[in-house]
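Heads up: the structure comes next, in C-alpha cells.
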Amino acid sequence: MQADEYAGSPPPLDTLALAALIGGTTAGVGVLDTKLRYLYVNPALERLNGIPAAEHLGRTVAEVLPEVDAREDLMLAVLSDGRSREITSSGRTPAGPAGARRYWHGAYHRLEVGGRVVGVAGILMEVMASDEDRRQLAQARRHLRLLDTANTRIGTTLDMDTTCAELVDLVVPGLADLATVEVFPRDVAPPVRPAPPGVTRLRRAAMTAVPALRDRLARFGVAGDYVDYQEDAAVTRCLATNQPVVENLTGDEQLGHLAPSPERVAVYRTLGMHSAVIVPVSVRGGPIGVLGLVRAGDSPPFTEQDVVVARELAGRAAVDLDHARRFTHEHTIALELQRSLLSEPRQPHPHIEVATRYLPADRSVLVGGDWFDIIPMRDGRHLKAMGDVMGHGVEAAVAMSHYRSLLRLLADEELPPHSILRQLDRMVERSGLDRAATCLLAVVDRSGGKCLVSSAGHLPPVFIDPGTAGTRLGDVPAGPPLGTGFGGYRTTEVRCAPGTVLFMYTDGLVERRGEDIDVSVNRLKELRLPASGNLEELLDEVLDRFGPGAEDDIAVMASRARFAPGGEGGGEGGGV
C-alpha cells in the first residue's frame, strides 16, 4: 500500500492526549500525516530543531528543515508496509552551531486510528559522530553516488575506447587521482609487434587524472600506447588471479612491484603516487583488461571499501566492454569480408570506364550486404550489377558473396537481364539462402548505345547525359526482391547517347529518416558531370553531397562505355 492510498480525511488525532502522554519526555517526538506533514511536535523536538512547534504543523520535514536529510523515502516505506524502522539522519538546523552537521537516530512506527492509517510517529535522539564516523559516512555517500551514476554514464556506445574513457572519467576524482583502463589488444586488428616471452602486453585504452597531475601525465604515457608488464608486475598478478591487487606504497621497492618495468619507477615517483589498486575487468571468467587507480600527494591510501566499489564499477563496465568487443569483432570481420569481395581482382575491360565507392556507415551500425560488379559477356556486351542484401553483419556479407557468385555463373549464359533475375531468384530459393536482396542489372550493348535494365526491388538507375541534355531517372519497373520466389521481372530498353554515364547506387545514399524516398531519389536528377568529365571526381562530389547523415552503407558505381560508331575499335565516343 502506497502513501497516496491514505489520501482523504483520516480520523482526527488526539493531540491533547499525545501531549499529556509524551510531552515531558526528553526524546524528540514528531507525528506526521500520510503526506509527511507535521501533525504534532513535542517540546523536546521543538528544542532539537530550534523552531517553534506551531511553525512545524501542516508542513513537511523538507519545508521546515531544508538542510536535513530526513530519509523521507524510509518514512513512506513505514507507511506502506507497516514495518517499523530505525533511521539515521543528519543535517543542519537552527538549534545547532553555525555550519555544523548534526546526527539523529530515530525509531519510526505507523499510526492507526480506528483501523485506518493516519500517519507515522518518530522518536528521535541526537547522537554524536566522531570525525572518523563522519568521514566514513561521507565516503559511503560518494561511493553510492558513483555506483548510481555508473548506470547512465558507462556504456553509452558500442565503442570499446569510449566505454573505457567513460569509466576513467567517472572514477576521477571520486575514487582516484589518476585512472587508466588497459585492455588486451584486439584479436581482429592490424598486427602489432610481438610481445617478448613472459611479458603481458596490454593496450592503454583510456587515461585521465585530476588537474594537478595533468601537466605530468604525459610522462605516464598516452591513450593508445602498448604497455608491456613483467611477470612480477601488479597487473600481471591481477590478471593471473582475477583478484584486485592493492599496493599502499612506501618506497621504490614497492613501486617496483607495481611498475611494468624498472624504468617506470622514476615516472611514478615524479607523479607523487603513493597508493595504487589494480582491479580485473573480466566477464564470464575471461579477462578483458584491468582498471588501474592511483592516489598521490595528500590523498589518503585506499581502503577495503574503495576496492569493493572499484571492483563493482569494473564489473559493470566489463559487461559493456564485452558487448563492444563482440561488436567490434563482428564489424571488423564483416567489413574486411565485404571489402575483399568488392575488390576481388577481375580482368579489366579496355572499353569500359568505371568508378566505384563503398562507404560503410558509422561504427554504431553493422556492415551490410551492399555489392557491385561488372561482368564481361562473350558477345562484347557487359553486365553491370548493383545489389543490397537485407540485414547487417557477417551473415549479410556472406550472403552477398553467394548472390555475387551465382550472378557471375548466370552471366555466362548470355540471358537478358529479366531472365538472369528470374533464374537467380529460383537458385536462391532452392539454395535455402534466407536473406532477400534487391538487385539492379544493366546489360550494355557497346555498338548500339542501347542499355537493357531490369530491377528486383532496387531503386532506379540514373543516366547522366553529356552536355546540356541533363540527367534522368530510368523508368524501370521494380519486381520483387530476390529470394522471395515471386518472379515477375521485366527488361526495359533505355537509349543512351555517346558519353552517357550510368549511375547505380544502394539505398543508403538516399534514404533519410523523415523524408519520403521518392523525394530523395528525385534529388539525384540534379547530378552533373564535373567539368573534367572524370568519373572519380563525380563520385567524390556525390558522396560529399549525399553521404553525410547516412544511416546505412553506401555503394555507388558510375560507368561509361567507350566505342567507335559502327564497330569495335577504340574511340572517344561512348555511352553507359
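Following the order of the C-alpha cells, first chain is A, next is B, and so on, with residues numbered from 1 inside each chain and ligands from 1 in the order they appear.
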task: For Val172 of chain A, list every protein, DNA or RNA residue within 9 Å, evaluated using only C-alpha atoms, and leave out those in the same chain fewer than 3 positions away; present the list as a ChimeraX atom specification.
output: /A:167-169,175-179,208-210,293
Those same residues - all heavy atoms - I'd like them written as a PDB file, in the first residue's frame.
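Writing the result to selection14.pdb gives the following:
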```pdb
ATOM      1  N   LEU A 167      34.621   5.194 -18.111  1.00  0.00           N
ATOM      2  CA  LEU A 167      34.944   4.615 -16.802  1.00  0.00           C
ATOM      3  C   LEU A 167      35.970   5.468 -16.055  1.00  0.00           C
ATOM      4  O   LEU A 167      35.789   5.789 -14.871  1.00  0.00           O
ATOM      5  CB  LEU A 167      35.448   3.187 -16.973  1.00  0.00           C
ATOM      6  CG  LEU A 167      35.889   2.458 -15.703  1.00  0.00           C
ATOM      7  CD1 LEU A 167      34.772   2.424 -14.672  1.00  0.00           C
ATOM      8  CD2 LEU A 167      36.366   1.040 -16.035  1.00  0.00           C
ATOM      9  N   VAL A 168      37.060   5.855 -16.717  1.00  0.00           N
ATOM     10  CA  VAL A 168      38.079   6.640 -16.014  1.00  0.00           C
ATOM     11  C   VAL A 168      37.564   8.037 -15.673  1.00  0.00           C
ATOM     12  O   VAL A 168      37.910   8.596 -14.623  1.00  0.00           O
ATOM     13  CB  VAL A 168      39.396   6.725 -16.820  1.00  0.00           C
ATOM     14  CG1 VAL A 168      40.008   5.354 -17.009  1.00  0.00           C
ATOM     15  CG2 VAL A 168      39.202   7.423 -18.166  1.00  0.00           C
ATOM     16  N   ASP A 169      36.722   8.599 -16.536  1.00  0.00           N
ATOM     17  CA  ASP A 169      36.158   9.923 -16.227  1.00  0.00           C
ATOM     18  C   ASP A 169      35.220   9.862 -15.024  1.00  0.00           C
ATOM     19  O   ASP A 169      35.049  10.864 -14.317  1.00  0.00           O
ATOM     20  CB  ASP A 169      35.392  10.463 -17.443  1.00  0.00           C
ATOM     21  CG  ASP A 169      36.318  10.907 -18.568  1.00  0.00           C
ATOM     22  OD1 ASP A 169      37.508  11.145 -18.285  1.00  0.00           O
ATOM     23  OD2 ASP A 169      35.862  11.000 -19.711  1.00  0.00           O
ATOM     24  N   LEU A 175      37.165   8.551  -6.906  1.00  0.00           N
ATOM     25  CA  LEU A 175      37.789   7.372  -6.316  1.00  0.00           C
ATOM     26  C   LEU A 175      39.311   7.385  -6.448  1.00  0.00           C
ATOM     27  O   LEU A 175      39.995   6.634  -5.754  1.00  0.00           O
ATOM     28  CB  LEU A 175      37.223   6.117  -6.990  1.00  0.00           C
ATOM     29  CG  LEU A 175      37.304   4.790  -6.251  1.00  0.00           C
ATOM     30  CD1 LEU A 175      36.568   4.883  -4.910  1.00  0.00           C
ATOM     31  CD2 LEU A 175      36.714   3.665  -7.088  1.00  0.00           C
ATOM     32  N   ALA A 176      39.859   8.186  -7.335  1.00  0.00           N
ATOM     33  CA  ALA A 176      41.306   8.173  -7.565  1.00  0.00           C
ATOM     34  C   ALA A 176      41.759   9.515  -8.114  1.00  0.00           C
ATOM     35  O   ALA A 176      40.956  10.297  -8.626  1.00  0.00           O
ATOM     36  CB  ALA A 176      41.669   7.051  -8.540  1.00  0.00           C
ATOM     37  N   ASP A 177      43.081   9.749  -8.002  1.00  0.00           N
ATOM     38  CA  ASP A 177      43.670  10.950  -8.611  1.00  0.00           C
ATOM     39  C   ASP A 177      44.056  10.703 -10.064  1.00  0.00           C
ATOM     40  O   ASP A 177      44.149  11.645 -10.857  1.00  0.00           O
ATOM     41  CB  ASP A 177      44.916  11.376  -7.824  1.00  0.00           C
ATOM     42  CG  ASP A 177      44.585  11.752  -6.392  1.00  0.00           C
ATOM     43  OD1 ASP A 177      43.548  12.412  -6.182  1.00  0.00           O
ATOM     44  OD2 ASP A 177      45.332  11.365  -5.477  1.00  0.00           O
ATOM     45  N   LEU A 178      44.306   9.460 -10.391  1.00  0.00           N
ATOM     46  CA  LEU A 178      44.676   9.073 -11.752  1.00  0.00           C
ATOM     47  C   LEU A 178      44.090   7.691 -12.012  1.00  0.00           C
ATOM     48  O   LEU A 178      44.100   6.835 -11.113  1.00  0.00           O
ATOM     49  CB  LEU A 178      46.192   9.052 -11.929  1.00  0.00           C
ATOM     50  CG  LEU A 178      46.754   8.739 -13.321  1.00  0.00           C
ATOM     51  CD1 LEU A 178      48.104   9.443 -13.507  1.00  0.00           C
ATOM     52  CD2 LEU A 178      46.950   7.241 -13.544  1.00  0.00           C
ATOM     53  N   ALA A 179      43.573   7.495 -13.216  1.00  0.00           N
ATOM     54  CA  ALA A 179      42.989   6.194 -13.547  1.00  0.00           C
ATOM     55  C   ALA A 179      43.310   5.829 -14.980  1.00  0.00           C
ATOM     56  O   ALA A 179      43.387   6.695 -15.867  1.00  0.00           O
ATOM     57  CB  ALA A 179      41.476   6.207 -13.333  1.00  0.00           C
ATOM     58  N   THR A 208      43.090   9.278 -17.470  1.00  0.00           N
ATOM     59  CA  THR A 208      42.820  10.667 -17.080  1.00  0.00           C
ATOM     60  C   THR A 208      43.334  10.882 -15.660  1.00  0.00           C
ATOM     61  O   THR A 208      43.665   9.920 -14.951  1.00  0.00           O
ATOM     62  CB  THR A 208      41.317  10.995 -17.167  1.00  0.00           C
ATOM     63  OG1 THR A 208      41.144  12.421 -17.081  1.00  0.00           O
ATOM     64  CG2 THR A 208      40.526  10.341 -16.040  1.00  0.00           C
ATOM     65  N   ALA A 209      43.413  12.141 -15.257  1.00  0.00           N
ATOM     66  CA  ALA A 209      43.933  12.484 -13.922  1.00  0.00           C
ATOM     67  C   ALA A 209      43.300  13.787 -13.464  1.00  0.00           C
ATOM     68  O   ALA A 209      42.707  14.531 -14.257  1.00  0.00           O
ATOM     69  CB  ALA A 209      45.456  12.624 -13.957  1.00  0.00           C
ATOM     70  N   VAL A 210      43.428  14.051 -12.168  1.00  0.00           N
ATOM     71  CA  VAL A 210      42.954  15.322 -11.631  1.00  0.00           C
ATOM     72  C   VAL A 210      43.793  16.457 -12.222  1.00  0.00           C
ATOM     73  O   VAL A 210      44.927  16.231 -12.671  1.00  0.00           O
ATOM     74  CB  VAL A 210      43.050  15.327 -10.081  1.00  0.00           C
ATOM     75  CG1 VAL A 210      42.100  14.302  -9.484  1.00  0.00           C
ATOM     76  CG2 VAL A 210      44.486  15.070  -9.630  1.00  0.00           C
ATOM     77  N   LEU A 293      43.906   2.324 -10.543  1.00  0.00           N
ATOM     78  CA  LEU A 293      43.602   3.538  -9.789  1.00  0.00           C
ATOM     79  C   LEU A 293      44.830   3.960  -9.005  1.00  0.00           C
ATOM     80  O   LEU A 293      45.500   3.115  -8.398  1.00  0.00           O
ATOM     81  CB  LEU A 293      42.443   3.294  -8.824  1.00  0.00           C
ATOM     82  CG  LEU A 293      41.138   2.759  -9.428  1.00  0.00           C
ATOM     83  CD1 LEU A 293      40.131   2.473  -8.323  1.00  0.00           C
ATOM     84  CD2 LEU A 293      40.562   3.744 -10.434  1.00  0.00           C
TER      85      LEU A 293
END
```
task: Could you give me, as a ChimeraX atom specification, the residues within 10 Å of segment 511-514 of chain A, counting only C-alpha atoms and dropping anything in the same chain fewer than 2 positions from it?
output: /A:506-509,516-521,546,549-552
query: Between A:Arg116, A:Arg528, A:Arg422, A:Arg378, which is the closest to Gly488 of chain A once you count only C-alpha atoms?
result: A:Arg422
List every residue of segment 496-517 of chain A that has an atom at most 12 Å from any atom of segment 529-533 of chain A, and for each one report the closest atom pair and its distance in Å to one decimal, counting only C-alpha atoms, with rows sorted by chain and then by increasing residue number, as a Markdown table.
```
| residue | atom | partner | partner_atom | distance |
| --- | --- | --- | --- | --- |
| A:Gly499 | CA | A:Gly533 | CA | 9.4 |
| A:Thr500 | CA | A:Leu529 | CA | 9.9 |
| A:Val501 | CA | A:Leu529 | CA | 8.6 |
| A:Leu502 | CA | A:Leu529 | CA | 11.3 |
| A:Phe503 | CA | A:Leu529 | CA | 10.9 |
```
If we count only C-alpha atoms, what is near Glu526 of chain A at a cut-off of 9 Å, once residues fewer than 3 positions away on the same chain are taken out, given as a PDB file with N, CA and C atoms, in the first residue's frame?
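Once everything was written out, this is around_39.pdb:
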```pdb
ATOM      1  N   GLY A 470      21.271  16.957 -69.721  1.00  0.00           N
ATOM      2  CA  GLY A 470      20.806  16.825 -68.350  1.00  0.00           C
ATOM      3  C   GLY A 470      20.847  15.404 -67.828  1.00  0.00           C
ATOM      4  N   THR A 471      20.130  15.187 -66.734  1.00  0.00           N
ATOM      5  CA  THR A 471      20.153  13.911 -66.024  1.00  0.00           C
ATOM      6  C   THR A 471      18.724  13.394 -65.891  1.00  0.00           C
ATOM      7  N   ARG A 472      18.549  12.085 -66.040  1.00  0.00           N
ATOM      8  CA  ARG A 472      17.219  11.488 -65.963  1.00  0.00           C
ATOM      9  C   ARG A 472      17.261  10.199 -65.156  1.00  0.00           C
ATOM     10  N   ASN A 522      14.526  11.624 -56.413  1.00  0.00           N
ATOM     11  CA  ASN A 522      14.392  12.672 -57.433  1.00  0.00           C
ATOM     12  C   ASN A 522      15.486  13.719 -57.323  1.00  0.00           C
ATOM     13  N   ARG A 523      16.067  13.850 -56.126  1.00  0.00           N
ATOM     14  CA  ARG A 523      17.157  14.803 -55.961  1.00  0.00           C
ATOM     15  C   ARG A 523      18.380  14.389 -56.780  1.00  0.00           C
TER      16      ARG A 523
END
```
- prompt: If you measure from atom CA of Ala234 of chain A to atom CA of Phe220 of chain A, what distance in Å do you get, rounded to one decimal?
  reply: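 Value for the atom CA of Ala234 of chain A-atom CA of Phe220 of chain A distance: 16.3 Å.
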- request: Write out as a ChimeraX atom specification the residues lying within 7 Å of Met504 of chain A, counting only C-alpha atoms and excluding same-chain residues fewer than 3 positions away.
  value: /A:386,461-462,556-558
Restricting it to C-alpha atoms, dump the selection as a PDB file, in the first residue's frame.
```
ATOM      1  CA  MET A 386      24.271  -3.308 -58.060  1.00  0.00           C
ATOM      2  CA  PRO A 461      19.323   3.941 -62.186  1.00  0.00           C
ATOM      3  CA  VAL A 462      20.378   7.449 -63.104  1.00  0.00           C
ATOM      4  CA  VAL A 556      27.857   3.648 -55.815  1.00  0.00           C
ATOM      5  CA  MET A 557      29.102   2.914 -59.318  1.00  0.00           C
ATOM      6  CA  ALA A 558      29.467   5.205 -62.318  1.00  0.00           C
TER       7      ALA A 558
END
```
Using only C-alpha atoms, which residues of segment 38-64 of chain A come within 8 Å of segment 21-32 of chain A, and what is the closest atom pair for each, with the distance in Å to one decimal? Give it as JSON lines, sorted by chain and residue number.
```
{"residue": "A:Tyr38", "atom": "CA", "partner": "A:Leu32", "partner_atom": "CA", "distance": 4.3}
{"residue": "A:Leu39", "atom": "CA", "partner": "A:Leu32", "partner_atom": "CA", "distance": 5.2}
{"residue": "A:Tyr40", "atom": "CA", "partner": "A:Val31", "partner_atom": "CA", "distance": 5.0}
{"residue": "A:Val41", "atom": "CA", "partner": "A:Gly30", "partner_atom": "CA", "distance": 4.6}
{"residue": "A:Asn42", "atom": "CA", "partner": "A:Gly23", "partner_atom": "CA", "distance": 5.4}
{"residue": "A:Pro43", "atom": "CA", "partner": "A:Gly23", "partner_atom": "CA", "distance": 6.4}
{"residue": "A:Ala44", "atom": "CA", "partner": "A:Gly28", "partner_atom": "CA", "distance": 4.7}
{"residue": "A:Leu45", "atom": "CA", "partner": "A:Gly28", "partner_atom": "CA", "distance": 3.9}
{"residue": "A:Glu46", "atom": "CA", "partner": "A:Gly28", "partner_atom": "CA", "distance": 7.6}
{"residue": "A:Leu48", "atom": "CA", "partner": "A:Gly28", "partner_atom": "CA", "distance": 7.2}
```
Just to be explicit: take each residue in the selection above, keep all heavy atoms, and write the result as a CSV table (one decimal), in the first residue's frame.
```csv
chain,number,residue,atom,x,y,z
A,38,TYR,N,3.7,17.6,9.4
A,38,TYR,CA,3.7,17.5,10.8
A,38,TYR,C,2.2,17.7,11.3
A,38,TYR,O,1.5,18.7,11.0
A,38,TYR,CB,4.6,18.6,11.4
A,38,TYR,CG,6.0,18.3,11.4
A,38,TYR,CD1,6.9,18.9,10.5
A,38,TYR,CD2,6.6,17.3,12.3
A,38,TYR,CE1,8.3,18.6,10.5
A,38,TYR,CE2,7.9,17.1,12.3
A,38,TYR,CZ,8.8,17.7,11.4
A,38,TYR,OH,10.1,17.4,11.4
A,39,LEU,N,1.8,16.8,12.2
A,39,LEU,CA,0.6,16.9,13.0
A,39,LEU,C,0.9,17.3,14.4
A,39,LEU,O,0.0,17.9,15.1
A,39,LEU,CB,-0.2,15.5,13.0
A,39,LEU,CG,-0.7,15.1,11.6
A,39,LEU,CD1,-1.3,13.7,11.7
A,39,LEU,CD2,-1.8,16.0,11.1
A,40,TYR,N,2.0,16.8,15.0
A,40,TYR,CA,2.3,17.1,16.4
A,40,TYR,C,3.8,17.1,16.6
A,40,TYR,O,4.6,16.3,15.9
A,40,TYR,CB,1.7,16.0,17.3
A,40,TYR,CG,2.2,16.0,18.7
A,40,TYR,CD1,1.7,17.0,19.6
A,40,TYR,CD2,3.2,15.2,19.2
A,40,TYR,CE1,2.1,17.1,20.9
A,40,TYR,CE2,3.6,15.2,20.5
A,40,TYR,CZ,3.1,16.2,21.3
A,40,TYR,OH,3.6,16.2,22.6
A,41,VAL,N,4.3,18.0,17.4
A,41,VAL,CA,5.8,18.1,17.8
A,41,VAL,C,5.8,18.3,19.3
A,41,VAL,O,5.2,19.2,19.8
A,41,VAL,CB,6.4,19.2,17.0
A,41,VAL,CG1,7.9,19.4,17.5
A,41,VAL,CG2,6.4,19.0,15.5
A,42,ASN,N,6.6,17.4,20.0
A,42,ASN,CA,6.7,17.6,21.4
A,42,ASN,C,7.7,18.7,21.7
A,42,ASN,O,8.5,19.1,20.9
A,42,ASN,CB,6.9,16.3,22.1
A,42,ASN,CG,8.3,15.8,22.0
A,42,ASN,OD1,9.1,16.3,21.1
A,42,ASN,ND2,8.8,15.0,23.0
A,43,PRO,N,7.8,19.2,22.9
A,43,PRO,CA,8.7,20.2,23.3
A,43,PRO,C,10.2,19.8,23.1
A,43,PRO,O,11.0,20.7,22.7
A,43,PRO,CB,8.5,20.5,24.8
A,43,PRO,CG,7.0,20.1,24.9
A,43,PRO,CD,6.8,19.0,24.0
A,44,ALA,N,10.5,18.6,23.3
A,44,ALA,CA,11.9,18.2,23.1
A,44,ALA,C,12.3,18.3,21.6
A,44,ALA,O,13.5,18.7,21.3
A,44,ALA,CB,12.1,16.7,23.6
A,45,LEU,N,11.5,17.9,20.7
A,45,LEU,CA,11.8,18.0,19.3
A,45,LEU,C,11.8,19.5,18.9
A,45,LEU,O,12.6,19.9,18.0
A,45,LEU,CB,10.7,17.2,18.5
A,45,LEU,CG,11.0,17.2,16.9
A,45,LEU,CD1,12.4,16.5,16.7
A,45,LEU,CD2,9.9,16.4,16.2
A,46,GLU,N,11.0,20.3,19.5
A,46,GLU,CA,11.0,21.7,19.2
A,46,GLU,C,12.3,22.3,19.6
A,46,GLU,O,12.9,23.1,18.8
A,46,GLU,CB,9.9,22.3,20.1
A,46,GLU,CG,9.6,23.8,19.8
A,46,GLU,CD,8.5,24.3,20.7
A,46,GLU,OE1,8.3,23.8,21.8
A,46,GLU,OE2,7.8,25.3,20.3
A,48,LEU,N,15.2,20.5,19.8
A,48,LEU,CA,16.2,19.9,18.9
A,48,LEU,C,16.3,20.7,17.6
A,48,LEU,O,17.4,20.9,17.0
A,48,LEU,CB,15.9,18.4,18.6
A,48,LEU,CG,16.3,17.4,19.7
A,48,LEU,CD1,15.8,16.0,19.4
A,48,LEU,CD2,17.8,17.4,20.0
```
